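Have a look at entry_25.tsv; it's TSV, N, CA and C atoms:
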chain	number	residue	atom	x	y	z
A	4	MET	N	50.61	228.77	306.62
A	4	MET	CA	51.40	229.99	306.55
A	4	MET	C	52.87	229.65	306.41
A	5	ASN	N	53.57	230.52	305.76
A	5	ASN	CA	55.00	230.37	305.58
A	5	ASN	C	55.71	231.04	306.75
A	6	THR	N	56.30	230.26	307.65
A	6	THR	CA	56.88	230.82	308.86
A	6	THR	C	58.09	231.71	308.58
A	7	VAL	N	58.86	231.39	307.54
A	7	VAL	CA	60.02	232.23	307.21
A	7	VAL	C	59.54	233.58	306.71
A	8	LEU	N	58.56	233.58	305.85
A	8	LEU	CA	58.02	234.84	305.32
A	8	LEU	C	57.34	235.63	306.43
A	9	ASP	N	56.60	234.95	307.30
A	9	ASP	CA	55.97	235.63	308.43
A	9	ASP	C	57.01	236.26	309.35
A	10	SER	N	58.12	235.57	309.56
A	10	SER	CA	59.19	236.11	310.41
A	10	SER	C	59.79	237.37	309.79
A	11	LEU	N	60.06	237.32	308.50
A	11	LEU	CA	60.58	238.49	307.81
A	11	LEU	C	59.61	239.66	307.91
A	12	ARG	N	58.36	239.39	307.66
A	12	ARG	CA	57.35	240.45	307.73
A	12	ARG	C	57.25	241.01	309.15
A	13	SER	N	57.31	240.15	310.14
A	13	SER	CA	57.24	240.61	311.54
A	13	SER	C	58.44	241.48	311.89
A	14	GLU	N	59.61	241.09	311.43
A	14	GLU	CA	60.80	241.91	311.68
A	14	GLU	C	60.68	243.27	311.00
A	15	ALA	N	60.18	243.28	309.78
A	15	ALA	CA	60.02	244.55	309.06
A	15	ALA	C	59.01	245.45	309.77
A	16	LEU	N	57.92	244.88	310.24
A	16	LEU	CA	56.94	245.69	310.97
A	16	LEU	C	57.52	246.17	312.29
A	17	PHE	N	58.26	245.31	312.96
A	17	PHE	CA	58.90	245.66	314.22
A	17	PHE	C	59.77	246.90	314.08
A	18	VAL	N	60.55	246.98	313.01
A	18	VAL	CA	61.48	248.10	312.85
A	18	VAL	C	60.84	249.32	312.18
A	19	SER	N	59.59	249.20	311.78
A	19	SER	CA	58.90	250.34	311.18
A	19	SER	C	58.52	251.34	312.27
A	20	THR	N	58.05	252.49	311.86
A	20	THR	CA	57.60	253.50	312.81
A	20	THR	C	56.15	253.32	313.22
A	21	LEU	N	55.48	252.36	312.62
A	21	LEU	CA	54.09	252.09	312.92
A	21	LEU	C	53.96	251.63	314.37
A	22	GLN	N	52.94	252.10	315.05
A	22	GLN	CA	52.72	251.77	316.45
A	22	GLN	C	51.38	251.06	316.63
A	23	SER	N	51.33	250.15	317.56
A	23	SER	CA	50.07	249.44	317.83
A	23	SER	C	48.98	250.41	318.27
A	24	SER	N	49.36	251.46	318.96
A	24	SER	CA	48.39	252.44	319.43
A	24	SER	C	47.69	253.18	318.29
A	25	GLN	N	48.26	253.12	317.10
A	25	GLN	CA	47.64	253.74	315.93
A	25	GLN	C	46.51	252.88	315.38
A	26	ARG	N	46.42	251.66	315.87
A	26	ARG	CA	45.43	250.70	315.39
A	26	ARG	C	45.42	250.64	313.87
A	27	PRO	N	46.57	250.27	313.30
A	27	PRO	CA	46.68	250.26	311.84
A	27	PRO	C	45.81	249.19	311.19
A	28	THR	N	45.29	249.53	310.04
A	28	THR	CA	44.49	248.58	309.27
A	28	THR	C	45.42	247.56	308.62
A	29	PRO	N	44.89	246.44	308.17
A	29	PRO	CA	45.73	245.46	307.47
A	29	PRO	C	46.46	246.09	306.27
A	30	GLU	N	45.79	246.96	305.56
A	30	GLU	CA	46.42	247.61	304.41
A	30	GLU	C	47.61	248.45	304.83
A	31	VAL	N	47.48	249.20	305.90
A	31	VAL	CA	48.58	250.03	306.40
A	31	VAL	C	49.74	249.15	306.88
A	32	ILE	N	49.42	248.05	307.51
A	32	ILE	CA	50.46	247.12	307.96
A	32	ILE	C	51.21	246.55	306.77
A	33	ARG	N	50.49	246.11	305.75
A	33	ARG	CA	51.14	245.57	304.56
A	33	ARG	C	52.03	246.62	303.89
A	34	GLU	N	51.56	247.85	303.82
A	34	GLU	CA	52.36	248.93	303.23
A	34	GLU	C	53.62	249.20	304.05
A	35	ALA	N	53.51	249.20	305.36
A	35	ALA	CA	54.67	249.44	306.23
A	35	ALA	C	55.71	248.33	306.07
A	36	VAL	N	55.24	247.08	306.01
A	36	VAL	CA	56.15	245.95	305.85
A	36	VAL	C	56.88	246.05	304.52
A	37	THR	N	56.15	246.29	303.46
A	37	THR	CA	56.77	246.41	302.13
A	37	THR	C	57.77	247.55	302.09
A	38	ALA	N	57.41	248.68	302.67
A	38	ALA	CA	58.31	249.85	302.66
A	38	ALA	C	59.61	249.56	303.40
A	39	MET	N	59.51	248.88	304.54
A	39	MET	CA	60.73	248.61	305.31
A	39	MET	C	61.63	247.59	304.62
A	40	VAL	N	61.04	246.56	304.04
A	40	VAL	CA	61.86	245.57	303.32
A	40	VAL	C	62.51	246.23	302.11
A	41	ASP	N	61.76	247.05	301.39
A	41	ASP	CA	62.33	247.75	300.23
A	41	ASP	C	63.44	248.71	300.66
A	42	ARG	N	63.24	249.40	301.76
A	42	ARG	CA	64.20	250.41	302.22
A	42	ARG	C	65.45	249.80	302.85
A	43	LEU	N	65.25	248.82	303.71
A	43	LEU	CA	66.37	248.28	304.50
A	43	LEU	C	66.89	246.93	304.02
A	44	GLY	N	66.02	246.14	303.43
A	44	GLY	CA	66.39	244.77	303.07
A	44	GLY	C	66.18	243.84	304.25
A	45	GLU	N	66.15	242.56	303.93
A	45	GLU	CA	65.87	241.54	304.94
A	45	GLU	C	66.91	241.51	306.05
A	46	ALA	N	68.18	241.52	305.67
A	46	ALA	CA	69.26	241.39	306.65
A	46	ALA	C	69.28	242.57	307.62
A	47	ARG	N	69.10	243.77	307.12
A	47	ARG	CA	69.14	244.95	307.99
A	47	ARG	C	67.96	244.97	308.95
A	48	CYS	N	66.79	244.54	308.50
A	48	CYS	CA	65.64	244.45	309.41
A	48	CYS	C	65.98	243.52	310.57
A	49	ALA	N	66.56	242.36	310.25
A	49	ALA	CA	66.93	241.39	311.29
A	49	ALA	C	67.98	241.97	312.23
A	50	GLU	N	68.94	242.70	311.69
A	50	GLU	CA	69.97	243.32	312.52
A	50	GLU	C	69.37	244.32	313.50
A	51	LEU	N	68.42	245.13	313.03
A	51	LEU	CA	67.81	246.13	313.89
A	51	LEU	C	66.94	245.50	314.97
A	52	VAL	N	66.28	244.40	314.64
A	52	VAL	CA	65.51	243.68	315.65
A	52	VAL	C	66.45	243.15	316.74
A	53	ALA	N	67.54	242.54	316.33
A	53	ALA	CA	68.51	242.01	317.29
A	53	ALA	C	69.08	243.13	318.17
A	54	GLN	N	69.35	244.25	317.58
A	54	GLN	CA	69.87	245.39	318.34
A	54	GLN	C	68.87	245.84	319.39
A	55	GLU	N	67.61	245.94	319.02
A	55	GLU	CA	66.57	246.35	319.97
A	55	GLU	C	66.41	245.35	321.10
A	56	PHE	N	66.47	244.06	320.78
A	56	PHE	CA	66.37	243.04	321.83
A	56	PHE	C	67.57	243.11	322.76
A	57	GLY	N	68.72	243.48	322.23
A	57	GLY	CA	69.92	243.62	323.06
A	57	GLY	C	69.87	244.85	323.95
A	58	GLU	N	69.35	245.94	323.41
A	58	GLU	CA	69.34	247.21	324.15
A	58	GLU	C	68.10	247.40	325.02
A	59	HIS	N	66.96	246.90	324.56
A	59	HIS	CA	65.69	247.12	325.26
A	59	HIS	C	64.84	245.85	325.28
A	60	PRO	N	65.34	244.79	325.89
A	60	PRO	CA	64.60	243.52	325.84
A	60	PRO	C	63.21	243.60	326.46
A	61	ASP	N	63.04	244.44	327.46
A	61	ASP	CA	61.74	244.57	328.11
A	61	ASP	C	60.68	245.13	327.17
A	62	CYS	N	61.04	246.08	326.33
A	62	CYS	CA	60.10	246.68	325.38
A	62	CYS	C	60.00	245.87	324.09
A	63	ALA	N	61.10	245.29	323.69
A	63	ALA	CA	61.15	244.59	322.40
A	63	ALA	C	60.22	243.38	322.37
A	64	LEU	N	60.10	242.68	323.45
A	64	LEU	CA	59.27	241.49	323.48
A	64	LEU	C	57.80	241.82	323.18
A	65	GLY	N	57.29	242.83	323.81
A	65	GLY	CA	55.90	243.24	323.57
A	65	GLY	C	55.68	243.72	322.16
A	66	ARG	N	56.65	244.45	321.63
A	66	ARG	CA	56.52	244.96	320.25
A	66	ARG	C	56.56	243.80	319.26
A	67	MET	N	57.40	242.81	319.50
A	67	MET	CA	57.45	241.67	318.59
A	67	MET	C	56.17	240.85	318.66
A	68	ARG	N	55.62	240.71	319.85
A	68	ARG	CA	54.34	240.00	319.96
A	68	ARG	C	53.27	240.70	319.13
A	69	TRP	N	53.21	242.02	319.25
A	69	TRP	CA	52.26	242.79	318.46
A	69	TRP	C	52.54	242.62	316.97
A	70	ALA	N	53.80	242.72	316.57
A	70	ALA	CA	54.16	242.62	315.16
A	70	ALA	C	53.75	241.27	314.59
A	71	LYS	N	53.99	240.20	315.32
A	71	LYS	CA	53.63	238.86	314.84
A	71	LYS	C	52.12	238.72	314.69
A	72	THR	N	51.39	239.19	315.67
A	72	THR	CA	49.92	239.12	315.61
A	72	THR	C	49.38	239.97	314.46
A	73	ALA	N	49.92	241.16	314.30
A	73	ALA	CA	49.47	242.06	313.24
A	73	ALA	C	49.78	241.49	311.86
A	74	VAL	N	50.93	240.89	311.71
A	74	VAL	CA	51.32	240.29	310.42
A	74	VAL	C	50.41	239.12	310.11
A	75	ARG	N	50.15	238.26	311.08
A	75	ARG	CA	49.25	237.13	310.84
A	75	ARG	C	47.88	237.60	310.37
A	76	SER	N	47.40	238.66	310.98
A	76	SER	CA	46.09	239.20	310.62
A	76	SER	C	46.11	239.88	309.25
A	77	ALA	N	47.12	240.68	309.00
A	77	ALA	CA	47.18	241.46	307.76
A	77	ALA	C	47.47	240.62	306.53
A	78	PHE	N	48.18	239.51	306.71
A	78	PHE	CA	48.57	238.67	305.58
A	78	PHE	C	47.83	237.33	305.56
A	79	ALA	N	46.74	237.25	306.30
A	79	ALA	CA	45.96	235.98	306.36
A	79	ALA	C	45.33	235.64	305.01
What would you get if you wrote out this structure as structure tokens?
Amino acid sequence: MNTVLDSLRSEALFVSTLQSSQRPTPEVIREAVTAMVDRLGEARCAELVAQEFGEHPDCALGRMRWAKTAVRSAFA
């Protein structure tokens, strides 16, 4: 796996409105990632992730764990 690409995808999923409780399919995850990168760009996704970790570190950690796991599964 490409760790840089996986990181970008995880950040894009993290900042999307998709929630783990929705139990999204791999296709929905891929669509959400693509939409966020197209809409915000790589740098803005990273900025929003950093902002969330700064403002809500307790919640952000769990969301990033989910995003990384979901990306690995959806893009395997």
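Rounded to one decimal, atom CA of Arg75 of chain A and atom CA of Val36 of chain A lie 12.3 Å from each other.
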**Q.** Contacts of Ser76 of chain A within 7 Å, all atoms listed in the file, excl. fewer than 4 positions in-chain, as JSON, numbers by chain
**A.** {"A": [29, 71, 72]}
Closest of A:Ala35, A:Gly57, A:Gly65, A:Ala73 to Val18 of chain A, counting only C-alpha atoms, is A:Ala35
(Q) With all atoms listed in the file as the counted atoms, please give the residues lying no more than 6.5 Å from Glu14 of chain A, apart from itself and same-chain residues fewer than 6 positions off, as a VMD selection string. (A) chain A and resid 48 to 49 52
Save out the residues we just selected, N, CA and C atoms, as an mmCIF file, in the frame of the given file.
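Output below, filename selection-v1.cif:
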data_model
loop_
_atom_site.group_PDB
_atom_site.id
_atom_site.type_symbol
_atom_site.label_atom_id
_atom_site.label_comp_id
_atom_site.auth_asym_id
_atom_site.auth_seq_id
_atom_site.Cartn_x
_atom_site.Cartn_y
_atom_site.Cartn_z
ATOM 1 N N CYS A 48 66.790 244.540 308.500
ATOM 2 C CA CYS A 48 65.640 244.450 309.410
ATOM 3 C C CYS A 48 65.980 243.520 310.570
ATOM 4 N N ALA A 49 66.560 242.360 310.250
ATOM 5 C CA ALA A 49 66.930 241.390 311.290
ATOM 6 C C ALA A 49 67.980 241.970 312.230
ATOM 7 N N VAL A 52 66.280 244.400 314.640
ATOM 8 C CA VAL A 52 65.510 243.680 315.650
ATOM 9 C C VAL A 52 66.450 243.150 316.740
#
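For the pair atom N of Arg26 of chain A and atom C of Ala77 of chain A, the interatomic distance is 14.5 Å.
When atom C of Gly44 of chain A is paired with atom CA of Arg68 of chain A, their separation reads 20.0 Å.
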Min atom-atom distance to Leu8 of chain A from the set A:Gln22, A:Cys62, A:Glu45, A:Ala38, counting only C-alpha atoms, belongs to A:Glu45
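Closest to Ile32 of chain A among A:Ala46, A:Ala53, A:Leu16, A:Leu11 is A:Leu16, based on only C-alpha atoms.
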Could you pull out all residues of chain A with a DSSP call of alpha helix (DSSP H) and give them as a PyMOL selection string? chain A and resi 6-18+29-58+60-77
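Residue nearest Arg47 of chain A within the list A:Met67, A:Ala15, A:Ala79, A:Val7: A:Ala15 [criterion: smallest interatomic distance, all atoms listed in the file].
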